[in-house]
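Enquirer: Following this line is work08.cif, made up of mmCIF, C-alpha atoms:
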data_structure
loop_
_atom_site.label_atom_id
_atom_site.label_comp_id
_atom_site.auth_asym_id
_atom_site.auth_seq_id
_atom_site.Cartn_x
_atom_site.Cartn_y
_atom_site.Cartn_z
CA MET A 176 18.71 2.88 -0.63
CA SER A 177 15.45 1.93 1.16
CA ASN A 178 15.47 -0.71 3.88
CA LEU A 179 12.65 -2.42 5.77
CA ILE A 180 12.96 -2.96 9.50
CA VAL A 181 10.60 -5.47 11.07
CA HIS A 182 10.11 -6.61 14.64
CA GLY A 183 8.92 -10.15 13.96
CA GLY A 184 7.19 -12.89 15.86
CA THR A 185 3.69 -11.38 15.81
CA PRO A 186 0.91 -13.37 14.08
CA LEU A 187 -0.70 -11.24 11.35
CA ARG A 188 -4.45 -10.83 11.70
CA GLY A 189 -6.99 -8.80 9.74
CA ARG A 190 -8.42 -8.03 6.32
CA ILE A 191 -6.62 -6.66 3.27
CA THR A 192 -7.90 -5.27 -0.02
CA PRO A 193 -5.00 -5.77 -2.47
CA SER A 194 -4.00 -3.42 -5.25
CA ALA A 195 -4.09 -4.07 -9.00
CA ASN A 196 -1.43 -6.14 -10.74
CA LYS A 197 1.53 -4.05 -11.88
CA ASN A 198 1.93 -6.39 -14.85
CA ALA A 199 -1.61 -5.63 -15.98
CA VAL A 200 -1.55 -1.89 -15.25
CA LEU A 201 1.69 -1.07 -17.09
CA PRO A 202 0.80 -2.66 -20.48
CA VAL A 203 -2.67 -1.11 -20.27
CA LEU A 204 -1.09 2.31 -19.72
CA CYS A 205 1.13 1.75 -22.75
CA ALA A 206 -1.91 0.68 -24.80
CA THR A 207 -3.76 3.92 -24.00
CA LEU A 208 -1.44 5.71 -26.46
CA LEU A 209 -3.25 3.90 -29.29
CA THR A 210 -6.39 6.02 -28.87
CA ARG A 211 -7.01 9.76 -29.01
CA GLU A 212 -10.22 9.41 -26.99
CA PRO A 213 -10.49 10.13 -23.24
CA LEU A 214 -10.06 7.24 -20.80
CA ARG A 215 -10.75 6.75 -17.11
CA LEU A 216 -8.99 3.90 -15.28
CA HIS A 217 -10.01 2.77 -11.79
CA GLY A 218 -7.85 0.95 -9.25
CA VAL A 219 -4.52 2.29 -10.56
CA PRO A 220 -1.90 1.66 -7.85
CA ASP A 221 0.42 4.40 -6.61
CA ILE A 222 3.68 2.65 -7.48
CA THR A 223 6.96 3.94 -8.89
CA ASP A 224 6.58 2.42 -12.37
CA VAL A 225 3.14 4.01 -12.83
CA ARG A 226 4.52 7.40 -11.83
CA LYS A 227 7.36 7.04 -14.36
CA ILE A 228 5.03 6.23 -17.25
CA LEU A 229 2.71 9.11 -16.35
CA ASP A 230 5.72 11.44 -16.28
CA ILE A 231 6.57 10.25 -19.80
CA PHE A 232 2.99 10.89 -20.96
CA ARG A 233 3.03 14.42 -19.56
CA SER A 234 6.42 15.13 -21.15
CA LEU A 235 4.91 14.11 -24.52
CA GLY A 236 1.99 16.50 -24.10
CA SER A 237 -0.67 14.05 -22.92
CA GLU A 238 -3.19 14.90 -20.23
CA ALA A 239 -2.77 12.65 -17.19
CA HIS A 240 -4.66 13.41 -13.98
CA MET A 241 -4.13 10.91 -11.16
CA ASP A 242 -6.16 10.88 -7.97
CA HIS A 243 -3.99 8.79 -5.67
CA ALA A 244 -6.61 8.77 -2.92
CA THR A 245 -9.15 6.94 -5.09
CA GLY A 246 -6.81 5.25 -7.60
CA THR A 247 -8.62 6.96 -10.49
CA LEU A 248 -6.62 8.04 -13.54
CA ALA A 249 -7.98 10.28 -16.32
CA LEU A 250 -5.96 10.12 -19.56
CA HIS A 251 -6.26 11.91 -22.89
CA HIS A 252 -3.60 11.57 -25.59
CA ARG A 253 -5.08 13.96 -28.18
CA GLU A 254 -2.12 16.41 -28.09
CA THR A 255 0.67 13.84 -27.74
CA VAL A 256 3.89 14.39 -29.73
CA PHE A 257 7.07 12.31 -29.87
CA ASP A 258 10.58 13.32 -30.99
CA ALA A 259 12.96 10.37 -31.21
CA ALA A 260 15.96 12.69 -31.08
CA ARG A 261 14.88 14.15 -27.76
CA ASP A 262 12.41 11.92 -25.93
CA ARG A 263 13.64 8.98 -23.88
CA LEU A 264 11.67 6.02 -22.54
CA PRO A 265 12.41 5.01 -18.92
CA GLU A 266 15.38 2.67 -18.66
CA GLU A 267 14.54 1.41 -15.18
CA MET A 268 11.58 -0.75 -16.15
CA ARG A 269 11.20 -3.41 -18.78
CA SER A 270 7.64 -2.35 -19.60
CA SER A 271 9.09 0.60 -21.54
CA ILE A 272 9.40 -1.75 -24.50
CA MET A 273 5.58 -1.86 -24.73
CA LEU A 274 5.53 1.84 -25.58
CA VAL A 275 7.18 1.01 -28.91
CA PRO A 276 4.06 -0.30 -30.81
CA PRO A 277 1.79 2.68 -30.00
CA LEU A 278 4.60 5.12 -30.82
CA LEU A 279 5.17 3.30 -34.12
CA ALA A 280 1.46 3.40 -34.88
CA ARG A 281 1.11 7.11 -34.16
CA PHE A 282 4.48 8.57 -35.15
CA GLY A 283 6.21 5.93 -37.30
CA ILE A 284 9.23 5.84 -34.99
CA ALA A 285 10.19 4.81 -31.45
CA ARG A 286 13.44 4.94 -29.53
CA LEU A 287 14.36 2.35 -26.91
CA GLU A 288 17.42 2.56 -24.68
CA ASP A 289 19.84 -0.34 -25.07
CA ASN A 290 19.91 -1.14 -21.35
CA VAL A 291 16.20 -1.04 -20.61
CA LYS A 292 15.74 -3.40 -17.68
CA GLY A 293 13.50 -4.52 -14.84
CA CYS A 294 14.23 -6.88 -11.96
CA THR A 295 17.62 -8.63 -11.92
CA LEU A 296 16.35 -12.03 -13.03
CA GLY A 297 19.22 -13.00 -15.29
CA VAL A 298 19.40 -12.48 -19.04
CA ARG A 299 16.13 -11.09 -20.43
CA GLU A 300 16.63 -10.68 -24.14
CA ILE A 301 14.80 -8.22 -26.35
CA ASP A 302 15.27 -10.26 -29.53
CA PRO A 303 11.73 -11.75 -29.37
CA HIS A 304 10.36 -8.19 -29.33
CA VAL A 305 12.57 -7.21 -32.26
CA ASP A 306 11.22 -10.25 -34.16
CA VAL A 307 7.65 -9.06 -33.53
CA PHE A 308 8.36 -5.49 -34.64
CA ARG A 309 9.94 -6.77 -37.86
CA ARG A 310 7.07 -9.20 -38.54
CA PHE A 311 4.71 -6.22 -38.59
CA GLY A 312 6.94 -4.25 -40.96
CA GLY A 313 9.12 -2.35 -38.49
CA LYS A 314 12.76 -1.63 -39.23
CA VAL A 315 15.08 -1.94 -36.23
CA GLU A 316 18.48 -0.27 -36.21
CA ARG A 317 21.10 0.56 -33.63
CA ALA A 318 21.82 4.17 -32.75
CA SER A 319 24.16 5.59 -30.12
CA GLY A 320 23.18 3.83 -26.89
CA SER A 321 19.72 2.94 -28.16
CA LEU A 322 17.58 1.09 -30.67
CA LEU A 323 15.48 2.92 -33.24
CA VAL A 324 12.35 1.25 -34.57
CA ARG A 325 10.81 2.76 -37.71
CA CYS A 326 7.87 2.04 -39.95
CA ASP A 327 7.43 3.77 -43.32
CA GLY A 328 3.67 3.16 -43.42
CA PRO A 329 0.91 1.41 -41.52
CA LEU A 330 1.84 -1.80 -39.70
CA THR A 331 1.02 -4.92 -41.72
CA PRO A 332 -0.81 -7.94 -40.23
CA THR A 333 1.12 -11.15 -39.74
CA GLU A 334 1.18 -14.66 -38.28
CA HIS A 335 3.83 -15.49 -35.71
CA TRP A 336 4.84 -18.40 -33.48
CA LEU A 337 6.78 -17.52 -30.35
CA ASP A 338 9.62 -19.80 -29.30
CA TYR A 339 8.70 -19.00 -25.69
CA ALA A 340 5.38 -17.92 -24.13
CA SER A 341 6.65 -14.49 -23.08
CA VAL A 342 4.17 -12.15 -21.38
CA THR A 343 5.55 -8.84 -22.67
CA THR A 344 6.21 -10.23 -26.15
CA THR A 345 2.61 -11.45 -26.33
CA GLU A 346 1.37 -8.02 -25.26
CA ASN A 347 3.62 -6.30 -27.80
CA PHE A 348 2.21 -8.56 -30.51
CA VAL A 349 -1.37 -7.62 -29.54
CA LEU A 350 -0.46 -3.92 -29.51
CA CYS A 351 1.07 -4.14 -32.99
CA ALA A 352 -1.80 -6.27 -34.27
CA ALA A 353 -4.37 -3.75 -33.01
CA ALA A 354 -2.72 -1.06 -35.13
CA ALA A 355 -2.29 -3.29 -38.21
CA ASN A 356 -5.03 -3.21 -40.84
CA GLY A 357 -6.16 -6.85 -40.91
CA THR A 358 -6.05 -10.09 -38.95
CA SER A 359 -2.95 -11.30 -37.10
CA THR A 360 -2.45 -14.61 -35.30
CA LEU A 361 -0.02 -15.49 -32.49
CA THR A 362 0.77 -19.09 -31.51
CA ASN A 363 2.39 -19.98 -28.17
CA ALA A 364 0.96 -16.83 -26.63
CA ALA A 365 1.25 -16.20 -22.89
CA SER A 366 -2.03 -16.61 -21.01
CA GLU A 367 -1.39 -15.32 -17.47
CA PRO A 368 -4.28 -13.57 -15.68
CA HIS A 369 -2.67 -10.17 -16.26
CA VAL A 370 -2.36 -10.92 -20.00
CA GLN A 371 -6.05 -11.77 -20.06
CA GLU A 372 -6.85 -8.54 -18.22
CA PHE A 373 -4.79 -6.57 -20.74
CA CYS A 374 -6.68 -8.25 -23.60
CA ARG A 375 -10.01 -7.34 -21.98
CA PHE A 376 -8.91 -3.72 -21.91
CA MET A 377 -8.00 -3.90 -25.60
CA THR A 378 -11.46 -5.26 -26.40
CA MET A 379 -12.95 -2.35 -24.44
CA LEU A 380 -11.05 0.01 -26.77
CA GLY A 381 -12.64 -1.74 -29.77
CA VAL A 382 -10.11 -4.43 -30.73
CA ARG A 383 -11.65 -7.85 -31.50
CA ILE A 384 -9.52 -10.62 -29.96
CA GLU A 385 -10.25 -14.34 -30.14
CA GLY A 386 -8.65 -16.92 -27.85
CA ILE A 387 -8.14 -14.85 -24.70
CA GLY A 388 -6.77 -17.15 -22.00
CA THR A 389 -5.41 -19.67 -24.51
CA SER A 390 -2.05 -20.12 -26.26
CA ARG A 391 -3.40 -18.92 -29.61
CA LEU A 392 -4.61 -15.35 -30.11
CA THR A 393 -6.29 -13.96 -33.21
CA VAL A 394 -6.42 -10.15 -33.34
CA HIS A 395 -8.54 -8.20 -35.81
CA GLY A 396 -6.87 -4.79 -36.09
CA GLY A 397 -7.14 -1.58 -38.01
CA ASN A 398 -10.23 -0.10 -36.37
CA THR A 399 -10.30 3.40 -34.94
CA LEU A 400 -10.12 2.87 -31.22
CA GLY A 401 -12.36 4.56 -28.69
CA GLY A 402 -12.25 5.56 -25.05
CA GLY A 403 -14.15 4.50 -21.97
CA GLU A 404 -13.74 3.33 -18.38
CA PHE A 405 -11.92 0.28 -17.08
CA ARG A 406 -11.49 -1.16 -13.58
CA PHE A 407 -8.53 -3.36 -12.69
CA ASP A 408 -8.85 -6.66 -10.81
CA GLU A 409 -6.97 -7.42 -7.60
CA ASP A 410 -3.43 -8.69 -8.11
CA PHE A 411 -3.27 -12.47 -7.63
CA HIS A 412 0.40 -12.05 -6.65
CA GLU A 413 -0.51 -9.69 -3.81
CA ILE A 414 -3.41 -11.88 -2.72
CA THR A 415 -1.03 -14.84 -2.46
CA THR A 416 1.59 -12.72 -0.68
CA PHE A 417 -0.72 -11.69 2.15
CA LEU A 418 -2.16 -15.19 2.50
CA ALA A 419 1.41 -16.50 2.81
CA LEU A 420 2.30 -13.80 5.35
CA GLY A 421 -0.62 -14.90 7.49
CA ALA A 422 0.41 -18.54 7.20
CA ILE A 423 4.11 -18.08 7.93
CA THR A 424 3.41 -16.02 11.07
CA GLY A 425 0.70 -18.37 12.37
CA GLY A 426 -1.93 -15.68 11.96
CA ASP A 427 -5.28 -15.25 10.23
CA VAL A 428 -5.32 -12.95 7.19
CA VAL A 429 -8.35 -12.59 4.93
CA VAL A 430 -7.76 -11.07 1.48
CA ARG A 431 -10.21 -9.64 -1.04
CA ASN A 432 -10.24 -11.87 -4.15
CA SER A 433 -12.77 -11.43 -6.95
CA ALA A 434 -11.16 -14.07 -9.21
CA PRO A 435 -10.71 -17.31 -7.20
CA GLU A 436 -10.85 -19.22 -10.50
CA ASN A 437 -7.15 -18.32 -10.89
CA PHE A 438 -6.21 -20.13 -7.66
CA PRO A 439 -6.67 -23.94 -7.88
CA LEU A 440 -2.97 -24.64 -8.50
CA ILE A 441 -1.84 -21.94 -6.05
CA ASP A 442 -4.17 -23.46 -3.43
CA ARG A 443 -2.70 -26.94 -4.02
CA THR A 444 0.80 -25.51 -3.68
CA PHE A 445 -0.12 -23.97 -0.32
CA ALA A 446 -1.43 -27.40 0.70
CA LYS A 447 2.02 -28.90 0.10
CA PHE A 448 3.15 -26.95 3.20
CA GLY A 449 0.13 -27.76 5.33
CA VAL A 450 -1.80 -24.59 4.50
CA THR A 451 -5.49 -24.74 3.57
CA VAL A 452 -6.90 -21.91 1.44
CA THR A 453 -10.63 -21.25 1.29
CA HIS A 454 -12.57 -18.81 -0.92
CA GLU A 455 -15.96 -17.47 0.15
CA ASP A 456 -18.05 -14.41 -0.77
CA GLY A 457 -15.21 -12.67 -2.59
CA TRP A 458 -12.61 -13.21 0.17
CA SER A 459 -9.77 -15.74 0.58
CA ARG A 460 -8.26 -17.11 3.79
CA ALA A 461 -5.22 -19.30 4.54
CA SER A 462 -5.21 -21.43 7.69
CA CYS A 463 -2.96 -24.04 9.29
CA ALA A 464 -3.84 -26.77 11.77
CA GLY A 465 -0.56 -26.45 13.66
CA PRO A 466 2.95 -25.58 12.43
CA LEU A 467 3.85 -25.47 8.74
CA LYS A 468 4.82 -28.94 7.54
CA VAL A 469 5.88 -30.21 4.13
CA GLN A 470 3.49 -32.94 3.03
CA THR A 471 5.08 -36.28 2.13
CA PRO A 472 4.49 -37.48 -1.46
CA PHE A 473 2.96 -40.93 -2.03
CA THR A 474 5.86 -41.75 -4.36
CA SER A 475 8.78 -43.10 -2.32
CA ASN A 476 12.14 -41.30 -2.35
CA VAL A 477 10.74 -38.23 -4.12
CA LEU A 478 10.82 -34.73 -2.69
CA THR A 479 7.75 -32.54 -2.58
CA LYS A 480 8.39 -29.98 -5.28
CA VAL A 481 7.13 -26.67 -6.60
CA GLU A 482 7.70 -26.28 -10.35
CA ALA A 483 7.35 -22.73 -11.67
CA ALA A 484 6.94 -21.96 -15.37
CA PRO A 485 4.66 -19.91 -17.67
CA TRP A 486 0.93 -20.01 -16.89
CA PRO A 487 -0.95 -22.29 -16.41
CA TYR A 488 2.02 -23.66 -14.45
CA PHE A 489 2.63 -22.32 -10.96
CA PRO A 490 3.61 -18.62 -11.42
CA VAL A 491 7.36 -18.12 -11.34
CA ASP A 492 7.02 -14.71 -9.69
CA LEU A 493 5.53 -16.41 -6.62
CA LEU A 494 8.33 -18.97 -6.20
CA PRO A 495 10.30 -16.88 -3.65
CA ILE A 496 7.16 -16.60 -1.50
CA PHE A 497 6.93 -20.38 -1.25
CA ILE A 498 10.66 -20.79 -0.69
CA ALA A 499 10.10 -18.68 2.44
CA LEU A 500 7.32 -21.07 3.49
CA GLY A 501 9.63 -24.02 2.78
CA VAL A 502 12.34 -22.59 5.02
CA ARG A 503 9.89 -22.33 7.93
CA ALA A 504 8.06 -25.63 7.33
CA GLN A 505 9.13 -28.89 8.90
CA GLY A 506 10.52 -31.15 6.18
CA ASN A 507 12.32 -30.83 2.86
CA ALA A 508 11.11 -29.50 -0.49
CA MET A 509 12.49 -28.82 -3.96
CA PHE A 510 11.85 -25.56 -5.83
CA TRP A 511 12.36 -25.42 -9.59
CA ASN A 512 12.52 -22.16 -11.55
CA LYS A 513 12.05 -23.15 -15.19
CA VAL A 514 12.13 -19.58 -16.51
CA TYR A 515 14.98 -17.38 -15.31
CA ASP A 516 18.71 -18.03 -15.10
CA GLY A 517 20.29 -16.83 -11.88
CA ALA A 518 16.99 -16.03 -10.16
CA LEU A 519 17.80 -18.23 -7.15
CA GLY A 520 21.16 -16.68 -6.26
CA TRP A 521 19.59 -14.68 -3.43
CA THR A 522 18.86 -17.77 -1.35
CA SER A 523 22.30 -17.62 0.28
CA GLU A 524 20.90 -14.69 2.27
CA LEU A 525 18.55 -17.12 4.01
CA SER A 526 21.54 -18.66 5.81
CA LYS A 527 21.91 -15.40 7.76
CA PHE A 528 18.65 -16.32 9.49
CA GLY A 529 20.07 -19.80 10.13
CA ALA A 530 18.06 -21.41 7.34
CA HIS A 531 19.42 -24.41 5.42
CA VAL A 532 18.98 -24.41 1.65
CA PHE A 533 21.02 -26.18 -1.01
CA SER A 534 21.34 -24.95 -4.60
CA SER A 535 21.32 -27.97 -6.90
CA ASP A 536 21.96 -25.84 -10.01
CA PRO A 537 20.99 -22.35 -11.28
CA HIS A 538 17.34 -23.45 -11.57
CA ARG A 539 16.73 -25.72 -8.56
CA LEU A 540 17.20 -25.65 -4.81
CA ILE A 541 16.19 -27.75 -1.83
CA SER A 542 14.99 -26.34 1.48
CA PHE A 543 15.66 -28.24 4.69
CA GLY A 544 13.10 -26.61 6.93
CA GLY A 545 12.15 -26.64 10.57
CA SER A 546 15.45 -25.43 12.09
CA PRO A 547 15.34 -22.65 14.72
CA LEU A 548 15.89 -19.27 13.06
CA THR A 549 17.22 -15.99 14.46
CA PRO A 550 16.78 -12.34 13.37
CA ALA A 551 19.26 -11.02 10.83
CA VAL A 552 20.24 -8.18 8.51
CA VAL A 553 19.93 -9.42 4.91
CA GLU A 554 20.52 -7.94 1.46
CA SER A 555 17.85 -8.20 -1.22
CA PRO A 556 18.64 -8.20 -4.93
CA TYR A 557 16.53 -5.99 -7.19
CA ILE A 558 13.67 -8.51 -7.38
CA ILE A 559 10.26 -7.56 -5.99
CA ARG A 560 9.11 -10.80 -4.41
CA VAL A 561 12.56 -11.80 -3.20
CA ALA A 562 12.52 -8.71 -0.97
CA ILE A 563 9.07 -9.82 0.21
CA ALA A 564 10.22 -13.41 0.79
CA LEU A 565 13.08 -12.21 2.98
CA PHE A 566 10.61 -10.00 4.82
CA MET A 567 8.27 -12.99 5.33
CA VAL A 568 11.02 -15.02 7.00
CA ALA A 569 11.97 -12.03 9.17
CA ALA A 570 8.33 -11.44 10.16
CA SER A 571 8.07 -15.04 11.38
CA ILE A 572 11.08 -14.71 13.74
CA GLU A 573 10.82 -12.96 17.08
CA GLY A 574 13.16 -9.97 17.21
CA ARG A 575 14.46 -7.16 14.98
CA SER A 576 15.50 -7.91 11.40
CA GLU A 577 16.38 -5.64 8.50
CA ILE A 578 15.88 -6.22 4.78
CA ARG A 579 18.29 -3.93 2.98
CA ASN A 580 17.62 -2.69 -0.59
CA ALA A 581 13.90 -3.49 -0.25
CA ALA A 582 12.82 -0.64 -2.55
CA PRO A 583 11.68 -3.01 -5.37
CA ILE A 584 8.60 -3.76 -3.24
CA ARG A 585 7.40 -0.24 -4.02
CA ARG A 586 7.38 -1.10 -7.73
CA ALA A 587 4.41 -3.43 -7.22
CA HIS A 588 2.85 -2.98 -3.78
CA PRO A 589 1.53 0.44 -2.72
CA ARG A 590 1.03 0.94 1.02
CA PHE A 591 2.90 -2.29 1.76
CA ALA A 592 4.14 -1.20 5.19
CA GLU A 593 0.80 0.46 6.00
CA ASN A 594 -1.07 -2.74 5.18
CA LEU A 595 1.29 -4.74 7.36
CA ARG A 596 0.82 -2.37 10.28
CA SER A 597 -2.94 -2.80 9.96
CA LEU A 598 -2.33 -6.54 10.48
CA GLY A 599 -0.34 -5.93 13.67
CA VAL A 600 3.27 -5.95 12.45
CA GLN A 601 5.79 -3.40 13.69
CA VAL A 602 7.52 -2.36 10.46
CA GLU A 603 9.12 0.78 9.08
CA TRP A 604 11.01 2.07 6.05
CA THR A 605 14.43 3.63 6.49
CA SER A 606 16.60 5.33 3.88
CA GLU A 607 20.34 5.64 3.43
CA GLU A 608 22.40 7.63 0.96
#
Turn the structure described in the file into structure tokens.
Expert:
Amino acid sequence: MSNLIVHGGTPLRGRITPSANKNAVLPVLCATLLTREPLRLHGVPDITDVRKILDIFRSLGSEAHMDHATGTLALHHRETVFDAARDRLPEEMRSSIMLVPPLLARFGIARLEDNVKGCTLGVREIDPHVDVFRRFGGKVERASGSLLVRCDGPLTPTEHWLDYASVTTTENFVLCAAAANGTSTLTNAASEPHVQEFCRFMTMLGVRIEGIGTSRLTVHGGNTLGGGEFRFDEDFHEITTFLALGAITGGDVVVRNSAPENFPLIDRTFAKFGVTVTHEDGWSRASCAGPLKVQTPFTSNVLTKVEAAPWPYFPVDLLPIFIALGVRAQGNAMFWNKVYDGALGWTSELSKFGAHVFSSDPHRLISFGGSPLTPAVVESPYIIRVAIALFMVAASIEGRSEIRNAAPIRRAHPRFAENLRSLGVQVEWTSEE
């Protein structure tokens, strides 16, 4: 068990260059199995999920050489072999399911553990993925403690309409479509920045994709895929996280951001709490003219609210970050998670700091901000940005606080504590058995 100890009350100041988005890096790594040509990826973060996938690659006979100092990864899958009776995909991360299409394409079979999981965000079904595999001609059957996916021949192109704009299901569709000999179309596709980045990587391999960034993707598959070099963008989640850390501590943090076009709605959401975000010359800065304060809507008797749903809505993964801002801001605000059941259960931990929040139902809560807060020891669920949100509140309070079970942060943010120390925060990891 890894815990974070922070001595809060210090305004964060300085510059940060964020890492790549975990949710772009992991599907790209899975997609590399589709080609037998050498690849070089730049900006690969040193996080636990990346290490697990590289361990899988090496166990299958692939060449994987990672330079953690530079973030450069050299991959070559020319000698890769897969034995469904022996080889297991990692259970600890949901991205394992995106290894299924390239394994089907190369070996005609893939094995997925029944309890493959990621963060504890409520029920996250695999049925939409099973639907996609079957649409492309895969046969899915249950084995002892796992699912076997088989395909007797090449994957066949298809048209499909998702009942929900799922990121990983969209990426699995594109992976299958790239291997299918013909044109496939997906309606109600996810369009998040990391999905767009994944699609750009696929086009670099030689897959022709129409509609990137929209809800309808057309994929022309069946070509022999090549190799090449690819550089990841900065993670918009991490950019937002460090901007919010600067704002909540009354500091001045400037964050590298090469894609400010992804930020208009995020910027407006910051503004709801009295935070102004500016973008200039590839850098972003958040500033406050005084304490955080919830802005009053023009409509009478309506709470300021943050509604999180699939892109281009406000990103649901960032909702905990703004709940932390709401707790510290003067005034009341509503937060609405339109995606995950049970993802707001952690907010009872905020009361240990003295914060006042009210859960309206499993999807909505109200923050009553501005009360004096005190340091505390809090427990984080296995959700990356919940651990960060609890840390944000702790960092804004003078004194020693502890965020227990904070290890999920390492799944997405390399050098998190080191970056914080460079901004002036006294923080350290501790471990318990």
Enquirer: Going by the chain IDs and residue numbers used in this file, which residues fall under the PyMOL selection byres ((chain A and resi 588) around 8)? Write them as a list in words.
Expert: Ser194, Pro220, Ile222, Glu413, Ile584, Arg585, Arg586, Ala587, Pro589, Arg590 and Phe591 of chain A
Enquirer: Using atom CA of Val452 of chain A and atom CA of Ser546 of chain A as the two end points, give the distance in Å to one decimal.
Expert: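 Calculated distance between atom CA of Val452 of chain A and atom CA of Ser546 of chain A is 25.0 Å.
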Enquirer: Step by step, work through what the PyMOL selection byres ((chain A and resi 564-567) around 7) selects in the shown file, and finish by giving those residues as a list in words.
Expert: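 Output from the PyMOL selection byres ((chain A and resi 564-567) around 7), applied to this file: Leu420, Pro495, Ile496, Ala499, Arg560, Val561, Ala562, Ile563, Val568, Ala569, Ala570, Ser571 and Ile578 of chain A.
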Enquirer: For atom CA of Arg539 of chain A and atom CA of Gly501 of chain A, quote the distance in Å rounded to one decimal.
Expert: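 About the pair atom CA of Arg539 of chain A and atom CA of Gly501 of chain A: they are 13.5 Å apart.
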Enquirer: Please evaluate the PyMOL selection byres ((chain A and resi 180-191) around 8) against the structure above and give the resulting residues as number ranges by chain.
Expert: A: 178-179, 192-193, 417, 420-421, 424-431, 566, 569-578, 594-595, 597-605
